[in-house]
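Engineer: This is protein.csv (CSV, C-alpha atoms).
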```csv
chain,number,residue,atom,x,y,z
A,1,MET,CA,11.8,-18.6,-28.3
A,2,LYS,CA,11.9,-18.6,-32.1
A,3,TYR,CA,10.9,-22.1,-32.9
A,4,VAL,CA,8.1,-24.1,-31.4
A,5,ASN,CA,9.0,-27.5,-30.1
A,6,TYR,CA,7.7,-30.5,-32.0
A,7,SER,CA,6.1,-31.8,-28.7
A,8,VAL,CA,4.1,-28.6,-28.7
A,9,ILE,CA,3.0,-29.1,-32.3
A,10,ASN,CA,2.0,-32.6,-31.6
A,11,LYS,CA,0.1,-31.5,-28.5
A,12,LEU,CA,-1.7,-29.0,-30.6
A,13,LYS,CA,-2.2,-31.4,-33.4
A,14,ASP,CA,-4.0,-33.8,-31.2
A,15,ARG,CA,-6.5,-31.2,-30.4
A,16,THR,CA,-7.4,-30.3,-33.9
A,17,ASN,CA,-7.6,-31.8,-37.4
A,18,ASN,CA,-7.9,-28.4,-39.0
A,19,TRP,CA,-4.5,-27.2,-40.2
A,20,GLN,CA,-5.5,-23.5,-40.3
A,21,GLU,CA,-6.5,-23.8,-36.7
A,22,LEU,CA,-3.3,-25.5,-35.9
A,23,TYR,CA,-1.3,-22.7,-37.6
A,24,ASN,CA,-3.2,-20.1,-35.6
A,25,ASN,CA,-2.7,-22.0,-32.4
A,26,ILE,CA,1.1,-22.2,-33.0
A,27,ASN,CA,1.2,-18.5,-33.7
A,28,GLU,CA,-0.8,-17.8,-30.5
A,29,HIS,CA,1.5,-20.0,-28.6
A,30,ARG,CA,4.6,-18.2,-30.0
A,31,LYS,CA,3.1,-14.8,-29.2
A,32,ASN,CA,2.4,-15.9,-25.6
A,33,ASN,CA,5.8,-17.3,-25.1
A,34,PHE,CA,7.4,-14.1,-26.5
A,35,MET,CA,5.2,-11.9,-24.2
A,36,ASN,CA,6.0,-13.9,-21.1
A,37,GLU,CA,9.7,-13.8,-22.0
A,38,MET,CA,9.6,-10.0,-22.5
A,39,GLN,CA,7.7,-9.6,-19.2
A,40,SER,CA,10.2,-11.5,-17.3
A,41,ILE,CA,13.1,-9.6,-18.9
A,42,GLU,CA,11.3,-6.3,-17.9
A,43,GLU,CA,10.8,-7.4,-14.4
A,44,ARG,CA,14.5,-8.5,-14.0
A,45,LEU,CA,15.6,-5.2,-15.6
A,46,TRP,CA,13.4,-3.1,-13.3
A,47,ASP,CA,14.9,-4.9,-10.3
A,48,TYR,CA,18.3,-4.3,-11.6
A,49,ILE,CA,17.6,-0.5,-12.2
A,50,ASP,CA,16.0,-0.2,-8.7
A,51,GLY,CA,19.0,-1.9,-7.2
A,52,ILE,CA,17.0,-4.5,-5.4
A,53,SER,CA,18.3,-7.6,-7.2
A,54,GLY,CA,20.9,-9.7,-5.4
A,55,GLU,CA,24.6,-9.7,-6.3
A,56,ARG,CA,24.4,-12.9,-8.4
A,57,GLU,CA,21.3,-11.7,-10.3
A,58,LYS,CA,22.9,-8.3,-10.7
A,59,SER,CA,26.0,-9.7,-12.5
A,60,ALA,CA,23.8,-12.1,-14.5
A,61,VAL,CA,21.7,-9.2,-15.8
A,62,ALA,CA,24.7,-7.0,-16.4
A,63,LYS,CA,26.1,-9.8,-18.6
A,64,MET,CA,22.9,-10.2,-20.5
A,65,ILE,CA,22.8,-6.5,-21.2
A,66,GLU,CA,26.3,-6.7,-22.5
A,67,LYS,CA,25.8,-9.7,-24.6
A,68,HIS,CA,22.3,-9.4,-26.0
A,69,LEU,CA,21.1,-6.5,-28.1
A,70,GLU,CA,17.5,-7.3,-27.1
A,71,TRP,CA,18.3,-6.9,-23.4
A,72,LYS,CA,20.5,-3.8,-24.1
A,73,ASN,CA,17.7,-2.0,-26.0
A,74,LYS,CA,15.1,-2.9,-23.3
A,75,TYR,CA,17.5,-1.7,-20.6
A,76,GLN,CA,18.0,1.6,-22.3
A,77,GLU,CA,14.3,2.0,-22.8
A,78,LEU,CA,13.5,1.3,-19.1
A,79,LEU,CA,16.4,3.4,-17.9
A,80,GLU,CA,15.0,6.4,-19.8
A,81,ALA,CA,11.6,5.8,-18.3
A,82,HIS,CA,13.1,5.5,-14.9
A,83,GLN,CA,15.0,8.8,-15.3
A,84,LEU,CA,11.8,10.5,-16.5
A,85,MET,CA,9.9,9.3,-13.5
A,86,GLN,CA,12.6,10.5,-11.2
A,87,SER,CA,12.5,13.9,-12.9
A,88,ALA,CA,8.8,14.3,-12.2
A,89,GLU,CA,8.1,17.3,-10.0
A,90,LEU,CA,5.9,17.5,-7.0
A,91,GLU,CA,2.8,19.7,-7.1
A,92,GLU,CA,2.9,22.9,-5.2
A,93,PRO,CA,0.1,24.1,-2.9
A,94,SER,CA,-0.7,27.8,-2.7
A,95,MET,CA,1.9,30.4,-1.4
A,96,ARG,CA,-0.1,30.8,1.8
A,97,PHE,CA,-0.1,27.2,2.7
A,98,THR,CA,2.4,27.2,5.5
A,99,LYS,CA,0.9,30.4,7.0
A,100,ASN,CA,-2.5,28.8,6.9
A,101,VAL,CA,-1.3,25.7,8.7
A,102,MET,CA,0.5,27.7,11.3
A,103,GLU,CA,-2.5,29.9,12.0
A,104,GLU,CA,-4.6,26.8,12.3
A,105,ILE,CA,-2.3,25.0,14.7
A,106,ALA,CA,-2.0,28.1,16.9
A,107,LYS,CA,-5.4,27.2,18.2
A,108,TYR,CA,-4.3,23.8,19.3
A,109,GLN,CA,-1.7,22.1,21.5
A,110,VAL,CA,0.0,18.8,20.9
A,111,ALA,CA,-2.2,16.1,22.4
A,112,PRO,CA,-0.5,13.8,24.9
A,113,ALA,CA,0.8,10.5,23.5
A,114,THR,CA,-1.9,7.8,23.4
A,115,ARG,CA,0.4,5.4,25.2
A,116,SER,CA,0.6,7.8,28.2
A,117,TYR,CA,-3.1,7.7,28.9
A,118,ILE,CA,-3.8,4.1,28.1
A,119,ASN,CA,-3.0,2.1,31.2
A,120,LYS,CA,-1.8,-1.4,30.4
A,121,LYS,CA,-2.9,-2.6,33.8
A,122,ILE,CA,-6.5,-1.7,33.0
A,123,ILE,CA,-6.3,-3.6,29.7
A,124,TRP,CA,-4.9,-6.6,31.4
A,125,GLY,CA,-7.5,-6.2,34.2
A,126,ILE,CA,-10.3,-6.4,31.6
A,127,GLY,CA,-8.7,-9.4,29.9
A,128,GLY,CA,-8.3,-11.1,33.3
A,129,PHE,CA,-12.0,-10.4,34.2
A,130,PHE,CA,-13.2,-12.1,31.0
A,131,ILE,CA,-10.9,-15.1,31.5
A,132,VAL,CA,-12.2,-15.6,35.0
A,133,MET,CA,-15.7,-15.3,33.7
A,134,ILE,CA,-15.1,-18.0,31.0
A,135,LEU,CA,-13.4,-20.3,33.5
A,136,GLY,CA,-16.3,-19.8,36.0
A,137,PHE,CA,-18.8,-20.6,33.3
A,138,LEU,CA,-17.0,-23.7,32.3
A,139,ILE,CA,-16.5,-24.9,35.9
A,140,TYR,CA,-20.2,-24.3,36.6
A,141,SER,CA,-21.2,-26.2,33.4
A,142,PHE,CA,-19.1,-29.2,34.3
A,143,SER,CA,-20.3,-29.2,37.9
A,144,GLN,CA,-23.8,-29.8,36.6
A,145,ILE,CA,-22.7,-33.1,35.0
A,146,SER,CA,-23.0,-36.2,37.1
A,147,PHE,CA,-19.9,-38.2,36.8
A,148,ALA,CA,-21.1,-41.0,39.1
A,149,GLY,CA,-19.6,-44.4,38.2
A,150,SER,CA,-16.9,-42.8,36.2
A,151,THR,CA,-14.4,-45.4,37.4
A,152,SER,CA,-16.2,-48.2,35.6
A,153,PRO,CA,-14.7,-49.6,32.4
A,154,LYS,CA,-17.6,-48.2,30.3
A,155,LEU,CA,-16.3,-44.8,31.0
A,156,LEU,CA,-16.9,-43.3,27.6
A,157,THR,CA,-20.5,-44.7,27.2
A,158,GLU,CA,-21.4,-43.4,30.6
A,159,TYR,CA,-19.8,-40.1,30.0
A,160,ASN,CA,-21.8,-39.7,26.8
A,161,SER,CA,-25.0,-40.7,28.5
A,162,ALA,CA,-24.2,-38.2,31.2
A,163,MET,CA,-23.6,-35.5,28.6
A,164,ASP,CA,-26.9,-36.4,27.0
A,165,LYS,CA,-28.7,-35.8,30.3
A,166,VAL,CA,-27.4,-32.3,30.6
A,167,ASN,CA,-30.0,-29.8,29.7
A,168,TRP,CA,-27.9,-27.6,27.4
A,169,ASN,CA,-30.9,-25.3,26.7
A,170,ARG,CA,-30.5,-24.2,30.3
A,171,PHE,CA,-27.2,-22.6,29.4
A,172,PHE,CA,-27.6,-21.5,25.8
A,173,SER,CA,-31.2,-20.4,25.5
A,174,SER,CA,-30.7,-17.0,27.2
A,175,THR,CA,-29.9,-14.0,25.0
A,176,TYR,CA,-27.5,-12.7,27.6
A,177,THR,CA,-25.6,-16.0,27.6
A,178,ASN,CA,-25.3,-15.8,23.8
A,179,ILE,CA,-24.1,-12.2,23.9
A,180,PHE,CA,-21.6,-13.2,26.6
A,181,MET,CA,-20.3,-16.1,24.5
A,182,MET,CA,-20.1,-13.8,21.4
A,183,VAL,CA,-18.1,-11.2,23.3
A,184,ASN,CA,-15.8,-13.9,24.6
A,185,VAL,CA,-15.3,-15.3,21.1
A,186,VAL,CA,-14.5,-11.9,19.7
A,187,LEU,CA,-12.0,-11.3,22.6
A,188,GLY,CA,-10.4,-14.6,22.0
A,189,LEU,CA,-10.0,-13.8,18.3
A,190,MET,CA,-8.5,-10.4,19.2
A,191,MET,CA,-6.0,-12.0,21.6
A,192,LEU,CA,-5.1,-14.6,18.9
A,193,ASP,CA,-4.6,-11.8,16.4
A,194,ILE,CA,-2.3,-9.9,18.8
A,195,TYR,CA,-0.4,-13.1,19.5
A,196,LEU,CA,0.0,-13.8,15.7
A,197,THR,CA,1.0,-10.2,14.9
A,198,ARG,CA,3.7,-10.3,17.6
A,199,LYS,CA,5.0,-13.6,16.3
A,200,LYS,CA,5.1,-12.2,12.7
A,201,GLN,CA,6.9,-9.1,14.0
A,202,GLN,CA,9.5,-11.3,15.8
A,203,HIS,CA,9.9,-13.4,12.7
A,204,LYS,CA,10.5,-10.3,10.6
A,205,GLU,CA,13.1,-8.9,13.1
A,206,ALA,CA,14.9,-12.3,13.1
B,1,MET,CA,18.9,19.1,-0.3
B,2,ARG,CA,17.9,19.4,3.3
B,3,THR,CA,19.6,21.9,5.5
B,4,GLY,CA,19.2,22.8,9.1
B,5,LEU,CA,17.5,20.6,11.7
B,6,THR,CA,16.6,17.0,11.1
B,7,ASP,CA,13.0,15.8,11.4
B,8,THR,CA,13.6,14.3,14.8
B,9,GLU,CA,15.2,17.5,16.1
B,10,ILE,CA,12.3,19.6,14.9
B,11,ILE,CA,9.8,17.1,16.4
B,12,SER,CA,11.5,17.1,19.8
B,13,ARG,CA,11.6,20.9,19.8
B,14,VAL,CA,8.0,21.2,18.9
B,15,LEU,CA,7.1,18.7,21.7
B,16,LYS,CA,9.0,20.9,24.1
B,17,GLY,CA,6.7,23.8,23.2
B,18,GLU,CA,8.4,25.6,20.3
B,19,GLN,CA,5.4,25.6,18.1
B,20,GLN,CA,6.9,27.8,15.4
B,21,VAL,CA,9.5,25.2,14.5
B,22,PHE,CA,6.8,23.1,13.1
B,23,ALA,CA,6.7,25.5,10.1
B,24,GLN,CA,10.0,23.9,9.0
B,25,LEU,CA,8.3,20.5,8.8
B,26,VAL,CA,5.4,22.0,6.9
B,27,GLU,CA,7.8,23.6,4.4
B,28,ARG,CA,9.7,20.4,4.0
B,29,TYR,CA,6.7,18.1,3.4
B,30,GLN,CA,4.0,20.3,1.9
B,31,ASN,CA,4.7,19.5,-1.7
B,32,TYR,CA,4.9,15.8,-1.0
B,33,VAL,CA,1.7,15.7,1.0
B,34,PHE,CA,-0.1,18.0,-1.4
B,35,THR,CA,0.9,15.9,-4.4
B,36,LEU,CA,-0.2,12.7,-2.8
B,37,VAL,CA,-3.6,14.2,-1.8
B,38,PHE,CA,-4.1,15.9,-5.1
B,39,ARG,CA,-3.5,12.7,-6.9
B,40,MET,CA,-6.1,11.0,-4.7
B,41,LEU,CA,-8.7,13.7,-4.8
B,42,GLU,CA,-8.1,15.2,-8.2
B,43,SER,CA,-9.2,18.7,-7.1
B,44,ARG,CA,-6.7,21.4,-6.1
B,45,GLU,CA,-9.1,23.1,-3.7
B,46,ASP,CA,-10.0,19.9,-1.9
B,47,ALA,CA,-6.3,18.8,-1.9
B,48,GLU,CA,-5.3,22.2,-0.3
B,49,GLU,CA,-8.0,21.9,2.4
B,50,VAL,CA,-7.2,18.2,3.2
B,51,SER,CA,-3.5,18.8,3.1
B,52,GLN,CA,-3.8,21.6,5.7
B,53,ASP,CA,-6.0,19.4,7.8
B,54,ILE,CA,-3.3,16.6,7.6
B,55,PHE,CA,-0.6,18.9,9.0
B,56,VAL,CA,-2.9,20.0,11.8
B,57,LYS,CA,-3.6,16.4,12.6
B,58,ALA,CA,0.1,15.6,12.4
B,59,TYR,CA,0.8,18.5,14.8
B,60,ARG,CA,-1.8,17.4,17.3
B,61,SER,CA,-0.7,13.8,17.3
B,62,LEU,CA,3.0,14.5,17.1
B,63,ALA,CA,3.6,12.9,20.5
B,64,ASP,CA,2.5,9.6,19.0
B,65,PHE,CA,5.3,9.6,16.5
B,66,ARG,CA,7.8,7.2,18.1
B,67,GLY,CA,10.5,7.7,15.6
B,68,ASP,CA,10.8,4.0,14.7
B,69,SER,CA,9.9,4.9,11.1
B,70,LYS,CA,10.6,7.9,8.9
B,71,PHE,CA,8.5,10.9,9.5
B,72,SER,CA,7.3,10.8,5.9
B,73,THR,CA,6.1,7.2,6.4
B,74,TRP,CA,4.2,8.2,9.5
B,75,LEU,CA,2.8,11.3,7.8
B,76,TYR,CA,1.6,9.1,4.9
B,77,THR,CA,-0.6,7.1,7.2
B,78,ILE,CA,-2.4,10.3,8.1
B,79,VAL,CA,-2.6,11.3,4.4
B,80,ARG,CA,-4.2,8.0,3.5
B,81,THR,CA,-6.8,8.0,6.3
B,82,SER,CA,-7.6,11.6,5.7
B,83,CYS,CA,-8.2,11.2,2.0
B,84,ILE,CA,-10.3,8.1,2.5
B,85,THR,CA,-12.4,9.9,5.1
B,86,PHE,CA,-12.8,12.9,2.9
B,87,LEU,CA,-13.8,10.8,-0.1
B,88,ARG,CA,-16.3,8.9,2.0
B,89,LYS,CA,-17.8,12.1,3.4
B,90,LYS,CA,-18.1,13.7,0.1
B,91,LYS,CA,-19.3,10.6,-1.6
B,92,LEU,CA,-17.7,11.8,-4.7
B,93,ASP,CA,-18.8,10.4,-8.0
B,94,THR,CA,-15.4,9.0,-8.7
B,95,THR,CA,-14.1,5.7,-9.9
B,96,SER,CA,-12.5,3.4,-7.3
B,97,ILE,CA,-8.9,4.3,-6.5
B,98,ASP,CA,-8.0,0.8,-7.8
B,99,ASN,CA,-9.6,1.4,-11.2
B,100,GLU,CA,-8.0,3.2,-14.1
B,101,LYS,CA,-9.7,6.2,-15.5
B,102,THR,CA,-11.8,5.8,-18.6
B,103,TYR,CA,-10.3,6.4,-22.0
B,104,ILE,CA,-12.5,9.4,-22.5
B,105,GLN,CA,-11.3,11.1,-19.4
B,106,VAL,CA,-7.8,10.6,-20.4
B,107,GLU,CA,-8.4,11.9,-23.9
B,108,ASN,CA,-10.0,15.1,-22.5
B,109,ARG,CA,-7.2,15.7,-20.1
B,110,GLU,CA,-4.6,14.9,-22.7
B,111,SER,CA,-5.9,17.3,-25.2
B,112,GLY,CA,-6.2,20.1,-22.7
B,113,PHE,CA,-2.7,19.6,-21.3
B,114,LYS,CA,-0.9,18.9,-24.5
B,115,ALA,CA,-0.9,22.5,-25.7
B,116,ASN,CA,0.4,23.6,-22.4
B,117,LEU,CA,3.0,20.9,-22.6
B,118,ILE,CA,4.3,21.9,-26.0
B,119,GLU,CA,4.8,25.4,-24.7
B,120,GLN,CA,6.7,24.4,-21.7
B,121,LYS,CA,8.7,21.7,-23.5
B,122,SER,CA,9.5,20.4,-20.1
B,123,ARG,CA,10.4,16.9,-19.3
B,124,HIS,CA,8.9,17.4,-15.8
B,125,ALA,CA,5.6,18.7,-17.1
B,126,MET,CA,5.3,15.7,-19.5
B,127,VAL,CA,5.9,13.2,-16.7
B,128,ASN,CA,3.5,15.0,-14.4
B,129,GLU,CA,0.8,15.0,-17.0
B,130,ALA,CA,1.3,11.3,-17.7
B,131,ILE,CA,1.1,10.6,-14.0
B,132,LYS,CA,-2.2,12.5,-13.8
B,133,MET,CA,-3.6,10.1,-16.5
B,134,LEU,CA,-3.0,7.1,-14.2
B,135,SER,CA,-5.4,5.8,-11.7
B,136,PRO,CA,-4.9,7.4,-8.2
B,137,ASP,CA,-3.6,4.1,-6.9
B,138,ASP,CA,-0.9,3.8,-9.6
B,139,ALA,CA,0.0,7.5,-9.2
B,140,GLN,CA,0.3,6.9,-5.5
B,141,VAL,CA,2.7,4.0,-5.8
B,142,ILE,CA,4.9,5.9,-8.2
B,143,THR,CA,4.9,9.1,-6.0
B,144,LEU,CA,5.8,7.1,-2.9
B,145,PHE,CA,8.6,5.3,-4.6
B,146,TYR,CA,10.2,8.1,-6.5
B,147,LYS,CA,9.3,11.2,-4.4
B,148,GLY,CA,8.7,9.8,-1.0
B,149,GLU,CA,12.0,7.9,-1.1
B,150,GLN,CA,10.2,4.9,0.4
B,151,SER,CA,11.6,1.5,0.1
B,152,LEU,CA,9.4,-1.4,-0.9
B,153,ASP,CA,9.4,-2.6,2.7
B,154,GLU,CA,8.3,0.8,4.0
B,155,MET,CA,5.7,1.1,1.3
B,156,GLY,CA,4.4,-2.4,2.2
B,157,ASN,CA,4.1,-1.2,5.8
B,158,ILE,CA,2.2,1.9,5.1
B,159,LEU,CA,-0.1,0.3,2.5
B,160,GLY,CA,-0.6,-2.8,4.5
B,161,LEU,CA,0.8,-5.0,1.7
B,162,GLU,CA,3.6,-7.5,1.4
B,163,PRO,CA,6.7,-6.0,-0.2
B,164,ASN,CA,6.4,-8.4,-3.1
B,165,THR,CA,2.9,-7.2,-3.8
B,166,VAL,CA,4.1,-3.6,-3.7
B,167,LYS,CA,6.8,-4.6,-6.2
B,168,VAL,CA,4.3,-6.0,-8.6
B,169,LYS,CA,2.1,-2.9,-8.2
B,170,LEU,CA,5.1,-0.7,-8.9
B,171,HIS,CA,6.0,-2.7,-12.0
B,172,ARG,CA,2.4,-2.4,-13.3
B,173,ALA,CA,2.2,1.3,-12.5
B,174,ARG,CA,5.4,1.9,-14.3
B,175,ALA,CA,4.4,-0.1,-17.3
B,176,ARG,CA,1.1,1.9,-17.5
B,177,LEU,CA,2.9,5.2,-17.2
B,178,LYS,CA,5.4,4.1,-19.9
B,179,GLU,CA,2.4,3.1,-22.1
B,180,LYS,CA,0.7,6.5,-21.5
B,181,MET,CA,3.9,8.4,-22.3
B,182,GLU,CA,4.4,6.4,-25.5
B,183,LYS,CA,0.8,6.8,-26.5
B,184,TYR,CA,0.3,10.5,-25.8
B,185,PHE,CA,3.7,12.0,-25.6
B,186,SER,CA,5.8,10.0,-28.0
B,187,HIS,CA,6.6,13.0,-30.1
B,188,GLU,CA,7.7,15.0,-27.1
B,189,VAL,CA,9.8,12.1,-25.7
B,190,ARG,CA,11.6,11.9,-29.0
B,191,GLU,CA,12.3,15.6,-29.0
B,192,LEU,CA,13.6,15.5,-25.5
B,193,GLN,CA,15.8,12.6,-26.4
B,194,ARG,CA,17.2,14.6,-29.4
B,195,ASP,CA,17.9,17.6,-27.1
```
What does the file become when written as structure tokens?

Structural biologist:
Amino acid sequence: MKYVNYSVINKLKDRTNNWQELYNNINEHRKNNFMNEMQSIEERLWDYIDGISGEREKSAVAKMIEKHLEWKNKYQELLEAHQLMQSAELEEPSMRFTKNVMEEIAKYQVAPATRSYINKKIIWGIGGFFIVMILGFLIYSFSQISFAGSTSPKLLTEYNSAMDKVNWNRFFSSTYTNIFMMVNVVLGLMMLDIYLTRKKQQHKEA
Amino acid sequence: MRTGLTDTEIISRVLKGEQQVFAQLVERYQNYVFTLVFRMLESREDAEEVSQDIFVKAYRSLADFRGDSKFSTWLYTIVRTSCITFLRKKKLDTTSIDNEKTYIQVENRESGFKANLIEQKSRHAMVNEAIKMLSPDDAQVITLFYKGEQSLDEMGNILGLEPNTVKVKLHRARARLKEKMEKYFSHEVRELQRD
């Protein structure tokens, strides 16, 4: 953008009464605009060179290169850099490298695949055990609450007073209970993570 | 150009007990692995040792390679974890792999390599030297993209990043490399262009 809009000048003018400062601000603004524009041109050109831009974008960039000298020059510059990067050679290890590796692996055997010795039934068994434990804990907790008179219209009030009567310290003061709860929370989070990862994977595949 | 057996064929033969066939995989990927490791550890001796270790690990856990990704992608996961473990163990006094090297380091390297570079007058050498001036993270991204033939999606998978983030990282790494080449090798670039 070669010219700064009047709206921008006015905006900047509002902020200052000093004309020198205004002049500097305008220059700064111009410079930023130019930099942003160049950056966006570069990004679009890199995508074009890498072949990852869509069909419409590809033809749009090709037209820009054809029509504008600025785009053409930048394209040439980036293409040269791209070709240079492609021409970079890989480092080479010592001549004996393969021999050393083969001598080393001669001492070993391929380990059996992890999936072959991890039994899914055991994993599900552990999961099931913890779920049963959580359910048991909840059932026991609720069984301690007296729900007498729960059919009365003041159900909520009575429920609250019943909850108040429960001695929660009985359940949560023990270190073992806390550890147990912590383990359950961690397991719950792990299962949630597995579920979300699977969902994400399914979404990707779709 | 690759000739002979494909990676999958080699792997299935190794899994059937033909240990010697694994040498073909080592030959095929040794430069790639060594380059990645060398750019992370910045020491040839360490890189050689760790690269050997990587191939041994790859051999031992070959049965875990399910073939749903390229072998190079799977191998890179071993490269990355091995390098991180090695750096942790050694507690090297290096900058973070996300940080760029200091100007002084670059200057020293540049002055040392420049003489060698002029002698070789090689385009490859110049790019390699410029890549060495980058941070290991930037060098890694460029190596994976240009030499590992990894797509942005594959790179995202192995680096644990979104493809768009990888794209941004690649853009930045290339911009930095271009900057280095313009700053330290502008004369050589011009000469190469003239040739």

Engineer: So, counting all atoms listed in the file, which residue among A:Met190, A:Leu84, A:Met133, A:Ile179 is closest to Met126 in chain B?

Structural biologist: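 So, comparing all the options, the nearest one is A:Leu84.
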
Engineer: Listing only residues of chain A within 7 Å of chain B, what is the closest atom pair and its distance in Å (to one decimal) for each, using only C-alpha atoms, sorted by chain and residue number ascending, as JSON lines?

Structural biologist:
```
{"residue": "A:Ala81", "atom": "CA", "partner": "B:Lys178", "partner_atom": "CA", "distance": 6.6}
{"residue": "A:Leu84", "atom": "CA", "partner": "B:Val127", "partner_atom": "CA", "distance": 6.5}
{"residue": "A:Met85", "atom": "CA", "partner": "B:Val127", "partner_atom": "CA", "distance": 6.4}
{"residue": "A:Gln86", "atom": "CA", "partner": "B:Tyr146", "partner_atom": "CA", "distance": 5.8}
{"residue": "A:Ser87", "atom": "CA", "partner": "B:His124", "partner_atom": "CA", "distance": 5.8}
{"residue": "A:Ala88", "atom": "CA", "partner": "B:His124", "partner_atom": "CA", "distance": 4.8}
{"residue": "A:Glu89", "atom": "CA", "partner": "B:His124", "partner_atom": "CA", "distance": 5.9}
{"residue": "A:Leu90", "atom": "CA", "partner": "B:Asn31", "partner_atom": "CA", "distance": 5.8}
{"residue": "A:Glu91", "atom": "CA", "partner": "B:Thr35", "partner_atom": "CA", "distance": 5.0}
{"residue": "A:Glu92", "atom": "CA", "partner": "B:Asn31", "partner_atom": "CA", "distance": 5.2}
{"residue": "A:Pro93", "atom": "CA", "partner": "B:Phe34", "partner_atom": "CA", "distance": 6.3}
{"residue": "A:Thr98", "atom": "CA", "partner": "B:Val26", "partner_atom": "CA", "distance": 6.2}
{"residue": "A:Val101", "atom": "CA", "partner": "B:Gln52", "partner_atom": "CA", "distance": 5.7}
{"residue": "A:Met102", "atom": "CA", "partner": "B:Ala23", "partner_atom": "CA", "distance": 6.7}
{"residue": "A:Ile105", "atom": "CA", "partner": "B:Val56", "partner_atom": "CA", "distance": 5.8}
{"residue": "A:Gln109", "atom": "CA", "partner": "B:Arg60", "partner_atom": "CA", "distance": 6.3}
{"residue": "A:Val110", "atom": "CA", "partner": "B:Arg60", "partner_atom": "CA", "distance": 4.3}
{"residue": "A:Ala111", "atom": "CA", "partner": "B:Arg60", "partner_atom": "CA", "distance": 5.3}
{"residue": "A:Pro112", "atom": "CA", "partner": "B:Ala63", "partner_atom": "CA", "distance": 6.1}
{"residue": "A:Ala113", "atom": "CA", "partner": "B:Ala63", "partner_atom": "CA", "distance": 4.8}
{"residue": "A:Thr114", "atom": "CA", "partner": "B:Asp64", "partner_atom": "CA", "distance": 6.5}
```

Engineer: Could you check how far CA of Ile131 in chain A sits from CA of His203 in chain A, in Å to one decimal?

Structural biologist: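 Interatomic distance, CA of Ile131 in chain A to CA of His203 in chain A: 28.1 Å.
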
Engineer: Could you check which of A:Asn25, A:Thr157, A:Ser141, A:Asn184 is closest to Ile126 in chain A, using only C-alpha atoms?

Structural biologist: A:Asn184

Engineer: Record the distance separating CA of Val186 in chain A and CA of Ile139 in chain A, expressed in Å with one decimal.

Structural biologist: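 Atom-to-atom, CA of Val186 in chain A to CA of Ile139 in chain A, that is 20.9 Å.
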
Engineer: CA of Leu78 in chain A and CA of Val61 in chain A are how many Å apart?

Structural biologist: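 Taking CA of Leu78 in chain A and CA of Val61 in chain A, their separation equals 13.7 Å.
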
Engineer: Do you know which residues are at most 9 Å from range 40-45 of chain A counting all atoms listed in the file, after dropping those on the same chain fewer than 4 positions away, and could you put them as a list in words?

Structural biologist: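 The residues satisfying every condition are Met35, Asn36, Ile49, Asp50, Ser53, Glu57, Val61, Trp71, Lys74, Tyr75, Leu78 and Leu79 of chain A; Val168 and His171 of chain B.
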
Engineer: Looking at all atoms listed in the file, which of A:Glu104, A:Gly188, A:Gly127, A:Glu77 is the one that sits closest to Glu182 in chain B?

Structural biologist: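 Counting all atoms listed in the file, the residue closest to Glu182 in chain B is A:Glu77.
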
Engineer: Taking into account only C-alpha atoms, which residue in the set A:Glu28, A:Gln20, A:Leu187, A:Arg198 is nearest to Gly128 in chain A?

Structural biologist: A:Leu187
